[in-house]
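Here the structure is laid out as structure tokens; the discussion comes afterwards.
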There are 2 protein chains.
Amino acid sequence: MKVRRFPQNPIVTQHDVPPTFEGWEVMSAFNAGVIEHQDEILMLMRVAERPISTDPEVALVPIIDFADNRPALKIIEFNKGDSRYDFSDPRVIGTPDGMLLTSISHLRLARSKDGHNFTVEEKPSLWPDQPYEAYGLEDPRITKLDDTYWIVYKGVAPFAITQCLASTKDFVNWTKHGIIFPPENMDAMIFPEKVRGKYVALHRPQPKMMGAPNMWIAYSEDLIHWGEHALLLGCTAGTWEGGRLGGGAVPFMTDRGWLEIYHAATTDDRYCLGAALLDAEYPEKVIAKSPYPILEPEMDYETSGFKANVVFSCGAIVRGDTVTIYYGASDEVMAAADLSVTEILDSLKPV
Amino acid sequence: MKVRRFPQNPIVTQHDVPPTFEGWEVMSAFNAGVIEHQDEILMLMRVAERPISTDPEVALVPIIDFADNRPALKIIEFNKGDSRYDFSDPRVIGTPDGMLLTSISHLRLARSKDGHNFTVEEKPSLWPDQPYEAYGLEDPRITKLDDTYWIVYKGVAPFAITQCLASTKDFVNWTKHGIIFPPENMDAMIFPEKVRGKYVALHRPQPKMMGAPNMWIAYSEDLIHWGEHALLLGCTAGTWEGGRLGGGAVPFMTDRGWLEIYHAATTDDRYCLGAALLDAEYPEKVIAKSPYPILEPEMDYETSGFKANVVFSCGAIVRGDTVTIYYGASDEVMAAADLSVTEILDSLKPV
């Protein structure tokens with residue numbers, strides 16, 4: 001597989017993103033949904049940021065508080081010497097009542113004329129202001145249907161991780177439509193065309209007792225209510241996709257069927273990208289899939305960073321035989337690479 | 001709270017249920033959905049059974065196998081001396097590839113003219129024959145809408161625990177409609193009337209990373225596709241409902257709103273029943289709830305058995321001010337008790 005990474009990778013880093021508030025720092029800008037709009041390529045990035053702690057012994061946790069039924073930004077202070085709390089993972093603080101995140105994520109636009117050079121907007125596009133987003137919005141995917149762009153994203157809250165829906169026509173005015181996949185769910189995205197008269201989505205339930213974090217498919221007549229759930233593609237123990245597997249970029253149609261660039265991880269969290277070919281008429285049928293990753297962590301910005309050894313795509317742009325896969329690297333920056341659609345299709349093995 | 005348990009409790013036991021196959025034994029008959037149909041009270045029970053092992057050193061696990069894409073009953077033998085497997089919990093066998101159940105559950109009807117004396121049918125009503133039911137069907141709830149009875153039940157499979165839908169008009173001919181709530185989900189049930197023009201359901205996602213096993217609500221226009229998910233009622237740490245909380249009987253309308261008899265458990269799995277009053281027009285709004293259980297394990301058949309200290313309702317019958325709560329006791333038998341609806345309502349505390 002020939003992977004032509006962009007020479008200027010990473011194409012956006014946390015240093016390109018102005019923090020939302022004075023006294024805050026942006027930790028990472030990654031896992032962007034990507035779409036063409038008018039004459040631009042837009043990336044809707046997950047931006048994780050936090051208030052800067054001036055005391056090295058104090059950890060600060062930003063959350064959206066709904067105690068008054070209205071969203072209010074609140075910063076909780078934790079003394080790092082307090083043995084009731086677990087500070088071993090820099091991304092989270094373990095508390096007796098559950099897990100808190102050390103940063104809060106919102107969704108922010110970056111715009112480009114050529115798909116290579118991006119300008120990051122000054123302000124967030126989608127900011128957490130619903131109870132189900134109290135710990136942030138993450139990992140958006142964008143699908144255009146008629147004149148509307150539909151964004152599916154992860155809402156993180158103390159009571160649940162869900163998949164939520166928002167829409168826009170102009171990337172300026174946004175509407176939120178609530179939770180479309182109940183807890184615990186990640187990595188959902190809507191197909192860019194109806195299939196057999198219905199909308200289709202991939203999603204990735206995260207089970208506790210039975211089963212693994214696998215990729216599922218569902219149908220809807222109105223984008224709000226979803227059903228006809230079925231397991232689509234599962235982990236394979238002991239392989240590059242032994243730990244978890246879920247949707248990546250929004251699927252696109254090829255002459256052989258729907259092509260889905262998905263992510264998969266080993267049990268020790270090395271994230272790679274693979275591809276799956278789904279039947280054009282019955283996408284719940286997997287025709288073929290990658291025996292090996294089509295893109296895996298190799299470059300410095302992929303093998304080191306906030307969470308090393310992660311490549312994770314939420315969007316791709318197809319032009320002719322070239323698919324440009326935009327992907328988050330090491331949960332920290334955005335990168336991109338061109339691959340041949342035909343080469344990907346030819347590399348797949350029937351299932 | 002005056003709880004008038006039926007004097008003949010338990011009203012059905014495993015010994016009243018003929019096994020599905022020769023050489024099998026019924027372990028338990030419990031957690032029945034309940035409904036009035038023509039001049040009868042029907043209980044659709046979860047019946048757990050297993051092949052009898054003639055060798056005390058061999059454990060047998062019945063599953064439905066789909067290797068040939070058609071359901072085939074398969075019995076797997078485990079040598080109890082094999083250290084790769086965990087036999088410490090009699091309900092399950094731990095294997096390196098996941099958990100197997102030592103029994104398989106189907107749904108079986110019991111019929112009664114008086115609601116007290118039941119006759120169990122000879123054969124299963126709903127038997128596992130779909131991949132998402134490979135380990136069995138559990139915990140049904142029945143809702144009548146127009147001339148059709150809708151059954152929501154737990155489908156257990158190696159790859160997922162989901163909430164599934166079936167329907168019947170006559171309790172003889174049945175149709176299965178697939179998965180309506182994706183993994184991992186338990187304890188779903190449909191309201192007996194549309195609210196604001198839509199169907200309503202309770203469900204209980206089981207999260208892994210964030211949040212607790214709480215009761216959620218959802219809406220649908222067709223019973224198949226569900227959305228508008230929202231958290232309804234959550235656990236309260238350190239109380240009788242500190243471990244988990246979910247729907248029980250199908251909600252019924254009172255002059256103060258929807259009354260839901262729910263179940264809740266402590267962190268060490270003592271299951272009690274409580275009640276929640278939901279707004280008639282906006283049932284996503286909880287008006288009041290039980291500060292203490294309205295029914296808790298007290299009698300022998302509730303405090304000992306297959307899984308001791310469990311009372312768990314999937315159905316109730318309301319006549320005048322009396323609600324007859326049918327409930328599984330100790331995951332083994334069916335019992336019932338009469339309570340006053342007014343007494344329950346008066347016992348609730350505003351939330």
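Letters for chains follow the order of the structure tokens (A, B, ...), residue numbers begin at 1 for each chain, and ligand numbers begin at 1 in the order shown.
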
Could you pull out the strand (DSSP E or B) residues of stretch 23-160 of chain A, going by DSSP on the backbone, and write them as a ChimeraX atom specification? /A:24-37,40-51,58-65,72-79,86,92-95,98-101,104-112,119-120,126,136-145,148-157,160

Distance-based interface of chain A with chain B, 7 Å, counting only C-alpha atoms, as a PyMOL selection string: chain A and resi 158-161+178-180+182-184+205-208+210-212+220+224-229

List the neighbours of B:Ala264 out to 9 Å using only C-alpha atoms; skip same-chain residues closer than 5 positions along the sequence, and give me the result as number ranges by chain. B: 235, 240-247, 269-274, 293, 312

Keeping C-alpha atoms, export the residues of the selection given above as a tab-separated table (two decimals), in the first residue's frame.
chain	number	residue	atom	x	y	z
B	235	CYS	CA	-28.76	5.44	41.17
B	240	TRP	CA	-30.99	0.61	48.43
B	241	GLU	CA	-30.66	1.89	44.84
B	242	GLY	CA	-26.93	2.55	44.83
B	243	GLY	CA	-25.84	-0.21	42.45
B	244	ARG	CA	-28.27	-0.20	39.56
B	245	LEU	CA	-31.75	1.00	38.68
B	246	GLY	CA	-34.03	0.18	35.78
B	247	GLY	CA	-37.57	-0.23	34.59
B	269	ASP	CA	-26.99	-7.01	44.42
B	270	ARG	CA	-29.94	-6.87	46.82
B	271	TYR	CA	-32.82	-6.14	44.43
B	272	CYS	CA	-35.92	-4.23	45.62
B	273	LEU	CA	-38.88	-2.58	43.90
B	274	GLY	CA	-39.60	1.15	44.02
B	293	PRO	CA	-38.51	0.21	48.61
B	312	PHE	CA	-37.71	-8.21	40.11

Excluding B:Glu40 and residues on its chain fewer than 3 positions from it, collect all residues at most 6 Å away from it, counting only C-alpha atoms, and give them as a PyMOL selection string. chain B and resi 36-37+112-113

Resulting file, chosen residues, N, CA and C atoms, as a PDB file, in the first residue's frame:
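Written file, selection.pdb:
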ATOM      1  N   GLU B  36     -53.407  -8.885  30.590  1.00  0.00           N
ATOM      2  CA  GLU B  36     -54.744  -9.463  30.444  1.00  0.00           C
ATOM      3  C   GLU B  36     -55.014  -9.678  28.971  1.00  0.00           C
ATOM      4  N   HIS B  37     -55.531 -10.868  28.646  1.00  0.00           N
ATOM      5  CA  HIS B  37     -55.860 -11.167  27.253  1.00  0.00           C
ATOM      6  C   HIS B  37     -57.135 -12.000  27.273  1.00  0.00           C
ATOM      7  N   SER B 112     -53.954 -18.127  33.380  1.00  0.00           N
ATOM      8  CA  SER B 112     -54.752 -18.186  34.603  1.00  0.00           C
ATOM      9  C   SER B 112     -56.087 -17.476  34.406  1.00  0.00           C
ATOM     10  N   LYS B 113     -57.125 -18.026  35.017  1.00  0.00           N
ATOM     11  CA  LYS B 113     -58.429 -17.350  34.995  1.00  0.00           C
ATOM     12  C   LYS B 113     -58.539 -16.323  36.120  1.00  0.00           C
TER      13      LYS B 113
END

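For the pair atom CA of B:Asp82 and atom CA of B:Asp55, the separation is 14.6 Å.
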
Find the residues near B:Ser125: any atom within 9 Å, counting only C-alpha atoms, skip ones fewer than 3 places away on the same chain, and give them as a list in words.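 Final neighbour list, sorted by chain and number: Leu44, His106, Leu107, Arg108, Leu109, Glu121, Phe171, Val172, Asn173 and Trp174 of chain B.
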
Residues within 8 Å of A:Asn31, please, as a ChimeraX atom specification. Count only C-alpha atoms; anything in the same chain fewer than 4 positions from it doesn't count. /A:45-46,138-140,312-314,327-328,331,334

Point-to-point distance in Å for atom CA of B:Asp321 and atom CA of B:Val341: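 Going from atom CA of B:Val341 over to atom CA of B:Asp321 covers 5.2 Å.
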
Would you compute the distance between atom CA of B:Leu126 and atom CA of B:Ile190? Give it in Å to one decimal.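 These two atoms are separated by 18.6 Å.
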